[in-house]
Structure formats: structure tokens, C-alpha cells
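A.B. asks: Pasting model-v2.txt here (compact mmCIF, C-alpha atoms and all ligand atoms):
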# COMPACT_ATOMS: atom_id res chain seq x y z
CA MET A 275 0.00 0.00 0.00
CA GLU A 276 1.37 3.37 -1.01
CA LEU A 277 0.56 7.01 -0.37
CA ILE A 278 1.74 9.77 -2.67
CA ILE A 279 1.76 13.40 -1.60
CA LEU A 280 0.50 14.88 -4.87
CA GLY A 281 0.68 18.48 -3.66
CA SER A 282 2.47 19.94 -0.64
CA GLY A 283 1.84 23.67 -1.15
CA SER A 284 -0.44 26.28 0.38
CA SER A 285 -3.54 27.66 -1.41
CA VAL A 286 -1.36 29.72 -3.78
CA GLY A 287 1.31 27.05 -4.28
CA SER A 288 4.92 27.97 -4.91
CA PRO A 289 5.83 29.93 -6.83
CA TRP A 290 2.71 32.09 -6.82
CA ILE A 291 1.01 32.95 -10.14
CA THR A 292 3.03 36.20 -9.99
CA ASN A 293 6.26 34.15 -9.91
CA TYR A 294 6.87 35.21 -6.29
CA TRP A 295 9.02 32.63 -4.45
CA GLY A 296 9.26 34.22 -0.99
CA ASN A 297 12.06 32.53 0.97
CA CYS A 298 12.05 29.49 -1.30
CA ASP A 299 15.23 28.75 -3.26
CA LYS A 300 14.23 28.63 -6.94
CA LYS A 301 17.05 26.19 -7.69
CA ASN A 302 15.64 23.48 -5.42
CA LYS A 303 12.94 21.50 -7.27
CA TYR A 304 11.40 20.47 -3.94
CA ASN A 305 10.29 24.09 -3.56
CA ILE A 306 7.95 23.79 -6.55
CA ARG A 307 4.75 22.98 -4.71
CA THR A 308 1.26 22.42 -6.10
CA ARG A 309 -1.86 22.61 -3.94
CA CYS A 310 -2.54 19.93 -1.27
CA SER A 311 -3.86 16.58 -2.48
CA ALA A 312 -2.85 12.97 -1.83
CA PHE A 313 -3.33 9.54 -3.42
CA ILE A 314 -3.65 6.11 -1.81
CA LYS A 315 -3.15 2.90 -3.76
CA LYS A 316 -3.62 -0.71 -2.69
CA GLY A 317 -3.58 -3.16 -5.59
CA ASN A 318 -6.14 -1.80 -8.05
CA LEU A 319 -7.93 0.26 -5.39
CA SER A 320 -7.27 3.97 -6.06
CA ILE A 321 -8.34 6.72 -3.67
CA LEU A 322 -7.76 10.47 -3.95
CA ILE A 323 -7.79 12.80 -1.00
CA ASP A 324 -9.11 16.15 -2.32
CA THR A 325 -9.14 17.46 -5.87
CA SER A 326 -6.86 20.48 -5.97
CA PRO A 327 -6.81 23.01 -8.85
CA ASP A 328 -3.61 21.19 -9.94
CA ILE A 329 -5.15 17.70 -9.96
CA LYS A 330 -4.78 17.08 -13.71
CA LYS A 331 -1.03 17.80 -13.63
CA GLN A 332 -0.65 15.81 -10.39
CA ILE A 333 -2.41 12.75 -11.85
CA LEU A 334 -0.36 12.87 -15.06
CA ASP A 335 2.98 13.53 -13.30
CA ASN A 336 2.44 10.55 -11.00
CA GLN A 337 1.12 8.27 -13.76
CA ILE A 338 -2.12 7.59 -11.90
CA LYS A 339 -4.33 5.51 -14.15
CA ASN A 340 -7.58 5.42 -12.23
CA VAL A 341 -9.63 6.96 -9.42
CA ASP A 342 -12.34 4.94 -7.68
CA TYR A 343 -13.04 7.14 -4.67
CA VAL A 344 -12.42 10.72 -3.54
CA LEU A 345 -12.29 11.63 0.14
CA TYR A 346 -12.67 15.35 0.85
CA THR A 347 -11.20 17.12 3.85
CA HIS A 348 -13.22 20.35 3.46
CA GLU A 349 -14.87 22.66 0.98
CA HIS A 350 -12.18 25.28 0.33
CA ALA A 351 -11.31 25.96 -3.32
CA ASP A 352 -7.74 24.64 -3.05
CA GLN A 353 -9.17 21.23 -2.00
CA THR A 354 -12.22 20.96 -4.27
CA SER A 355 -12.04 23.06 -7.43
CA GLY A 356 -10.38 20.35 -9.55
CA ILE A 357 -13.41 18.03 -9.25
CA PHE A 358 -14.53 18.54 -12.88
CA GLU A 359 -11.14 17.28 -14.10
CA LEU A 360 -12.25 13.77 -13.05
CA ARG A 361 -14.76 13.51 -15.92
CA PRO A 362 -12.50 11.36 -18.16
CA PHE A 363 -12.30 8.67 -15.42
CA PHE A 364 -16.08 8.41 -15.61
CA TRP A 365 -15.98 8.26 -19.40
CA LYS A 366 -13.31 5.54 -19.21
CA ASN A 367 -14.94 3.39 -16.50
CA LYS A 368 -18.60 4.17 -17.23
CA LYS A 369 -19.03 4.20 -13.48
CA LYS A 370 -19.75 7.19 -11.24
CA ILE A 371 -16.84 8.32 -9.07
CA GLN A 372 -17.75 7.82 -5.43
CA ILE A 373 -17.27 11.03 -3.44
CA PHE A 374 -17.06 10.87 0.36
CA ALA A 375 -17.14 13.83 2.77
CA GLY A 376 -18.69 15.16 5.96
CA LYS A 377 -22.23 16.60 5.73
CA LYS A 378 -21.34 20.31 5.47
CA THR A 379 -18.50 19.74 3.03
CA LEU A 380 -20.66 17.49 0.87
CA ASN A 381 -23.47 20.07 0.74
CA LYS A 382 -21.06 22.85 -0.26
CA ILE A 383 -19.45 20.71 -2.99
CA LYS A 384 -22.87 19.69 -4.32
CA GLN A 385 -24.00 23.35 -4.41
CA LYS A 386 -20.86 24.56 -6.18
CA HIS A 387 -20.43 21.65 -8.58
CA ASP A 388 -24.06 20.62 -9.06
CA TYR A 389 -23.45 19.47 -12.68
CA CYS A 390 -21.10 16.69 -11.43
CA PHE A 391 -23.85 15.16 -9.28
CA ASN A 392 -27.06 16.03 -11.15
CA GLY A 393 -25.97 16.63 -14.73
CA GLY A 394 -27.89 19.19 -16.78
CA GLN A 395 -27.65 21.01 -20.11
CA GLY A 396 -27.15 17.71 -21.87
CA TYR A 397 -24.40 16.48 -19.52
CA ILE A 398 -24.80 13.36 -17.42
CA PRO A 399 -23.71 13.13 -13.75
CA ILE A 400 -20.20 11.74 -13.17
CA ALA A 401 -20.10 11.52 -9.38
CA GLN A 402 -22.13 10.15 -6.51
CA ALA A 403 -22.11 11.80 -3.08
CA ASN A 404 -21.71 9.66 0.07
CA LEU A 405 -21.66 10.78 3.68
CA ILE A 406 -18.62 9.53 5.63
CA LYS A 407 -19.00 7.59 8.84
CA LYS A 408 -16.65 7.62 11.83
CA ASN A 409 -15.32 4.24 10.67
CA PHE A 410 -15.71 2.94 7.14
CA ILE A 411 -14.11 0.65 4.58
CA LEU A 412 -13.40 1.40 0.92
CA LYS A 413 -12.83 -1.60 -1.31
CA LYS A 414 -12.35 -2.88 -4.82
CA ASN A 415 -12.30 -6.64 -5.42
CA SER A 416 -10.20 -8.10 -2.59
CA ASN A 417 -8.39 -4.85 -1.80
CA LYS A 418 -9.82 -2.95 1.13
CA ILE A 419 -8.73 -0.11 3.40
CA LYS A 420 -10.24 0.79 6.78
CA PHE A 421 -10.62 4.50 7.56
CA THR A 422 -11.38 6.48 10.68
CA SER A 423 -12.57 10.07 10.26
CA PHE A 424 -13.06 12.92 12.70
CA ASP A 425 -13.39 16.70 12.69
CA VAL A 426 -10.54 19.05 13.42
CA LYS A 427 -10.73 22.83 13.72
CA HIS A 428 -9.77 24.80 10.59
CA GLY A 429 -10.40 28.43 11.56
CA GLN A 430 -14.12 29.17 11.24
CA ILE A 431 -14.93 25.74 9.78
CA SER A 432 -14.20 22.06 10.42
CA SER A 433 -11.94 19.93 8.30
CA THR A 434 -11.95 16.11 8.27
CA ALA A 435 -8.88 14.19 9.47
CA TYR A 436 -8.46 10.67 8.05
CA ILE A 437 -6.57 7.76 9.64
CA PHE A 438 -5.71 4.61 7.66
CA ASN A 439 -2.96 2.00 8.17
CA LYS A 440 -1.33 3.89 11.06
CA THR A 441 -1.17 7.03 8.90
CA ALA A 442 -3.04 10.26 9.64
CA TYR A 443 -3.71 12.91 6.99
CA ILE A 444 -4.55 16.32 8.45
CA SER A 445 -3.70 18.91 5.80
CA ASP A 446 -5.73 21.90 7.05
CA CYS A 447 -6.01 22.40 10.78
CA ASN A 448 -5.24 24.82 13.58
CA GLU A 449 -6.46 22.64 16.47
CA ILE A 450 -6.92 18.94 17.17
CA TYR A 451 -9.46 18.47 19.96
CA THR A 452 -8.05 16.79 23.08
CA LYS A 453 -10.72 14.05 22.95
CA ASP A 454 -9.28 12.86 19.61
CA TYR A 455 -5.63 12.63 20.71
CA LYS A 456 -5.99 8.95 21.65
CA LYS A 457 -6.95 8.13 18.04
CA LEU A 458 -3.60 9.51 16.92
CA LYS A 459 -1.32 7.48 19.19
CA GLY A 460 1.02 4.84 17.74
CA LEU A 461 1.09 6.32 14.23
CA LYS A 462 3.74 5.46 11.68
CA TYR A 463 3.13 8.68 9.73
CA LEU A 464 1.51 11.93 10.80
CA ILE A 465 0.96 14.15 7.75
CA ILE A 466 0.15 17.53 9.21
CA ASP A 467 -0.58 21.14 8.22
CA CYS A 468 2.39 23.50 8.68
CA LEU A 469 1.56 26.68 6.78
CA LYS A 470 4.09 29.29 7.86
CA PHE A 471 6.61 30.57 10.38
CA ASN A 472 4.09 32.99 11.88
CA SER A 473 0.82 32.00 13.49
CA HIS A 474 -2.34 31.91 11.36
CA PRO A 475 -6.03 31.82 12.42
CA SER A 476 -6.84 28.59 10.54
CA HIS A 477 -3.56 26.65 10.20
CA PHE A 478 -0.80 25.22 12.37
CA ASN A 479 2.51 27.01 11.93
CA LEU A 480 6.05 25.66 12.29
CA GLU A 481 6.04 25.98 16.08
CA THR A 482 2.58 24.48 16.66
CA SER A 483 2.98 21.58 14.21
CA ILE A 484 6.26 20.62 15.95
CA MET A 485 4.40 20.78 19.29
CA VAL A 486 1.68 18.44 17.94
CA SER A 487 4.35 16.05 16.67
CA GLU A 488 6.13 16.04 20.04
CA ASN A 489 2.85 15.37 21.79
CA LEU A 490 1.65 12.53 19.52
CA LYS A 491 5.08 10.97 18.91
CA PRO A 492 4.49 9.29 15.53
CA LYS A 493 7.47 7.48 13.99
CA LYS A 494 7.64 10.21 11.32
CA THR A 495 5.92 13.56 10.97
CA ILE A 496 5.52 15.01 7.50
CA LEU A 497 4.80 18.71 7.16
CA THR A 498 2.50 19.78 4.32
CA ASN A 499 0.48 22.81 3.11
CA LEU A 500 3.79 24.70 3.08
CA HIS A 501 3.72 28.40 2.17
CA THR A 502 6.49 30.29 0.35
CA ASP A 503 8.13 31.50 3.56
CA LEU A 504 9.18 27.90 4.35
CA ASP A 505 12.12 26.85 2.18
CA TYR A 506 12.61 23.07 1.76
CA GLY A 507 16.38 23.18 2.38
CA PHE A 508 15.95 25.32 5.50
CA LEU A 509 13.35 22.92 6.94
CA LYS A 510 15.40 19.83 6.10
CA LYS A 511 18.46 21.31 7.84
CA ASN A 512 16.76 22.65 10.96
CA LEU A 513 14.00 20.16 11.84
CA PRO A 514 14.52 17.22 14.21
CA ARG A 515 15.28 13.98 12.31
CA ASN A 516 11.79 12.53 12.76
CA ILE A 517 10.07 15.60 11.22
CA ILE A 518 10.43 16.10 7.49
CA PRO A 519 9.00 18.56 4.98
CA ALA A 520 6.73 17.06 2.30
CA PHE A 521 7.43 17.60 -1.38
CA ASP A 522 5.33 17.01 -4.48
CA GLY A 523 5.53 13.37 -5.55
CA MET A 524 6.77 12.11 -2.15
CA LYS A 525 5.98 8.40 -1.86
CA LEU A 526 5.37 6.62 1.46
CA ARG A 527 5.04 2.89 1.89
CA ILE A 528 2.28 2.58 4.43
ZN ZN B 1 -8.79 25.25 3.87
Translate this structure into C-alpha cells?
C.D. replies:
Amino acid sequence: MELIILGSGSSVGSPWITNYWGNCDKKNKYNIRTRCSAFIKKGNLSILIDTSPDIKKQILDNQIKNVDYVLYTHEHADQTSGIFELRPFFWKNKKKIQIFAGKKTLNKIKQKHDYCFNGGQGYIPIAQANLIKKNFILKKNSNKIKFTSFDVKHGQISSTAYIFNKTAYISDCNEIYTKDYKKLKGLKYLIIDCLKFNSHPSHFNLETSIMVSENLKPKKTILTNLHTDLDYGFLKKNLPRNIIPAFDGMKLRI
């Protein structure tokens, strides 16, 4: 079973559309970051986490041949706006893509991308909406993966954290509620939001994501959602050995 970090950047990615690189060294390819998304593969079972605006490039760059399910963390544009790019998978498989999310997220996605779920103007629906449970299994033939989901705070809204195979994916978060800490003990990988140096009202920053890592003690912590003030080389040099910055295309055997 493998997880690929498809995108490790903040909502603007790096560089920005204005070619602004901030503190990031242009010469280091690990500083080229697309928007947060991830991919899980077990045999022929293919699951996306979020559909970023860069999803087409991410799928092609990583030679991903199929998508059976999409799990959404929350409704923000950098996590959802690439949903319409999935149409060719529906055309290829002649099977609706199964979308999973929490109630509020699902409603927002259905409002914004109604044509994907209900069709219209001569187009047929390509996706089916499903509400996530606290514990659920996604499967294809004999390949199955167990998931646990729970809400974390992401500024004014909630975002969904997913745990599977001793790996937690929490890309957008500024607080994990104390009651959920026990779910995150004994992890092999903690993939966690680390937006900036300075504090932010809806994201962990370098200091707080390190604190979360020290508290939960996973084998490895992987920092994602990295903004342009966090240079890959700087992070690699200055972080403790068990905390590493994500990069686009990073593969983890989970
Ligand atoms: Zn967000």
C-alpha cells in the first residue's frame, strides 16, 4: 500500500502565479509545490484525498491511471475546485466516481459543482455523493482499506482528518481536539498542516505543528500545506530527524 503526496503547497502554491518565491530557493525542485492533495493505492484500489486546482497535472505527473473514490477534507477551493477534471475517469470506466465527505463539506461541494452530481444542459452526472461515517471501509475486489474520520478545527470551519494503516492525513487544521488525541497514538506517519513561520487563524505554523508532533510521537511527521516563507532546504536542515518537509511526488510505503 502506497501514499503519494501529490501536492504539498499552500492555497497559492509555490511559486505564486506572480512568480513570487518568498524565501524558497528557486534552484531546489522540492520548492515547486502544487496545492494539497494525496493519493492512496492498494492493488487496483485507487483513492484520492481532495481534488486540488492542480489535480490534472498531479495525476499525469504521477502516472495515476484510475480513481475509484475521492475523500474530501473540506470545501475550500484549493481542495475541491479540480473536481470537474475527473470527468475522463467516468468516461473511461462508465461508473460514477464515489465522493465521500462530511455533511457540510458534501453540501457545499454539491452546491458549487451541481453538474457533477445532477448533470444538466445535456451532460450526465459523473459523481455520486456519500456521507462519511466515523469508521468505514473502501474496497475494490479483494483490496480494502479501513478508515477512521473525525473533525478538526480549521479556523471558522471544520476539516476532516483521516486515519488509515497507522497514517493520519490532516492537511488543514489549527487545532486537534483533546478528545481525539488517543486516536492519533502509535502512528507510523503523521501528515500535518504546517503553513508558515508565523501563526495563522486557521492553520498550524512551524512551532505548533512541531508541538503536535512532540505530543503525539508518531514514527515520522511530515509537514504539508507549506507556504512560500518555508524553504525546503531550511526545513530539512533545521527540523529534528523525525520531522520532514513534504514535497510534491513524495511516496510513502504505508
Ligand atoms: Zn482550507
A.B. asks: Closest to ligand ZN 1 (chain B) among A:Asp388, A:Asp446, A:Glu276, A:Glu488, using only C-alpha atoms and all ligand atoms?
C.D. replies: A:Asp446
A.B. asks: Which residue gives the smallest distance to Ile465 (chain A) among A:Tyr451, A:Tyr389, A:Phe521, A:Trp295, with all atoms listed in the file counted?
C.D. replies: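 Closest candidate: A:Phe521.
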A.B. asks: Tell me, counting only C-alpha atoms and all ligand atoms, for each residue of chain A within 7 Å of ligand ZN 1 (chain B), which pair of atoms is nearest and how far apart they are in Å to one decimal, in rows ordered by chain and increasing number, as a Markdown table.
C.D. replies:
| residue | atom | partner | partner_atom | distance |
| --- | --- | --- | --- | --- |
| A:His348 | CA | B:ZN1 | ZN | 6.6 |
| A:His350 | CA | B:ZN1 | ZN | 4.9 |
| A:His428 | CA | B:ZN1 | ZN | 6.8 |
| A:Asp446 | CA | B:ZN1 | ZN | 5.5 |
A.B. asks: Using Å and a single decimal, report how far CA of Ile357 (chain A) sits from CA of Cys390 (chain A).
C.D. replies: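 Between these atoms lies a distance of 8.1 Å.
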A.B. asks: Give me, as a count of residues only, all polymer residues having an atom no more than 8 Å from Gly429 (chain A), counting all atoms listed in the file and skipping those fewer than 5 positions away in the same chain.
C.D. replies: 5
A.B. asks: Which of these, A:Pro492, A:Pro327, A:Gly287, A:Gly394, has the shortest distance to Ile517 (chain A) once you count all atoms listed in the file?
C.D. replies: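 Between A:Pro492, A:Pro327, A:Gly287, A:Gly394, the residue approaching Ile517 (chain A) most closely is A:Pro492.
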A.B. asks: Using all atoms listed in the file, which of A:Leu480, A:Val341, A:Ala351, A:Ala520 sits nearest Tyr463 (chain A)?
C.D. replies: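 Between A:Leu480, A:Val341, A:Ala351, A:Ala520, the residue approaching Tyr463 (chain A) most closely is A:Ala520.
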A.B. asks: Would you work out the distance separating CA of Pro514 (chain A) from CA of Ile496 (chain A), expressed in Å to one decimal?
C.D. replies: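 These atoms are spaced 11.4 Å apart.
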A.B. asks: Calculated over only C-alpha atoms, which of the candidates A:His387, A:Arg307, A:Lys414, A:Lys420 has the smallest distance to Asp342 (chain A)?
C.D. replies: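 Checking each candidate against Asp342 (chain A), we get A:Lys414 as the closest.
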A.B. asks: Which residues are close to Lys386 (chain A), i.e. within 12 Å by all atoms listed in the file, leaving aside same-chain residues fewer than 4 positions away? Reply as a PDB file with C-alpha atoms, keeping the file's coordinate frame.
C.D. replies:
ATOM      1  CA  GLU A 349     -14.870  22.660   0.980  1.00  0.00           C
ATOM      2  CA  HIS A 350     -12.180  25.280   0.330  1.00  0.00           C
ATOM      3  CA  ALA A 351     -11.310  25.960  -3.320  1.00  0.00           C
ATOM      4  CA  THR A 354     -12.220  20.960  -4.270  1.00  0.00           C
ATOM      5  CA  SER A 355     -12.040  23.060  -7.430  1.00  0.00           C
ATOM      6  CA  GLY A 356     -10.380  20.350  -9.550  1.00  0.00           C
ATOM      7  CA  ILE A 357     -13.410  18.030  -9.250  1.00  0.00           C
ATOM      8  CA  PHE A 358     -14.530  18.540 -12.880  1.00  0.00           C
ATOM      9  CA  THR A 379     -18.500  19.740   3.030  1.00  0.00           C
ATOM     10  CA  LEU A 380     -20.660  17.490   0.870  1.00  0.00           C
ATOM     11  CA  ASN A 381     -23.470  20.070   0.740  1.00  0.00           C
ATOM     12  CA  LYS A 382     -21.060  22.850  -0.260  1.00  0.00           C
ATOM     13  CA  CYS A 390     -21.100  16.690 -11.430  1.00  0.00           C
ATOM     14  CA  PHE A 391     -23.850  15.160  -9.280  1.00  0.00           C
ATOM     15  CA  ASN A 392     -27.060  16.030 -11.150  1.00  0.00           C
TER      16      ASN A 392
END
A.B. asks: Can you tell me how far CA of Ile466 (chain A) sits from CA of Thr498 (chain A), in Å to one decimal?
C.D. replies: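 The value is 5.9 Å.
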A.B. asks: Mind checking which residues fall within 8 Å of Ile518 (chain A), counting all atoms listed in the file, ignoring those fewer than 4 positions away in the same chain, and posting them as a PyMOL selection string?
C.D. replies: chain A and resi 494-497+509-510+513-514
A.B. asks: Of the residues A:Asn302, A:Asn409, A:Asn367, A:Ser311, which is the one nearest to Gly283 (chain A), using only C-alpha atoms?
C.D. replies: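 With only C-alpha atoms as the atom set, the closest residue is A:Ser311.
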A.B. asks: Using all atoms listed in the file, which protein or nucleic acid residues come within 12 Å of Ser445 (chain A)? Drop anything in the same chain fewer than 4 positions from it, and give the result as a PyMOL selection string.
C.D. replies: chain A and resi 279+281-285+309-312+323-324+346-348+350+352-353+426-428+432-436+449-450+464-469+476-479+483+496-500+520
A.B. asks: Got a sec: who's within 12 Å of Lys300 (chain A), counting all atoms listed in the file, leaving out chain neighbours fewer than 2 positions off, as a list in words?
C.D. replies: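 With the cut-off at 12 Å, the set is Ser288, Pro289, Asn293, Tyr294, Trp295, Gly296, Asn297, Cys298, Asn302, Lys303, Tyr304, Asn305, Ile306, Arg307, Thr502, Asp505, Tyr506 and Gly507 of chain A.
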A.B. asks: Would you list the residues near (-7.6, -6.8, -0.3) (no more than 12 Å away, in the coordinates of the file, using only C-alpha atoms) as a PyMOL selection string?
C.D. replies: chain A and resi 275+315-319+411-420
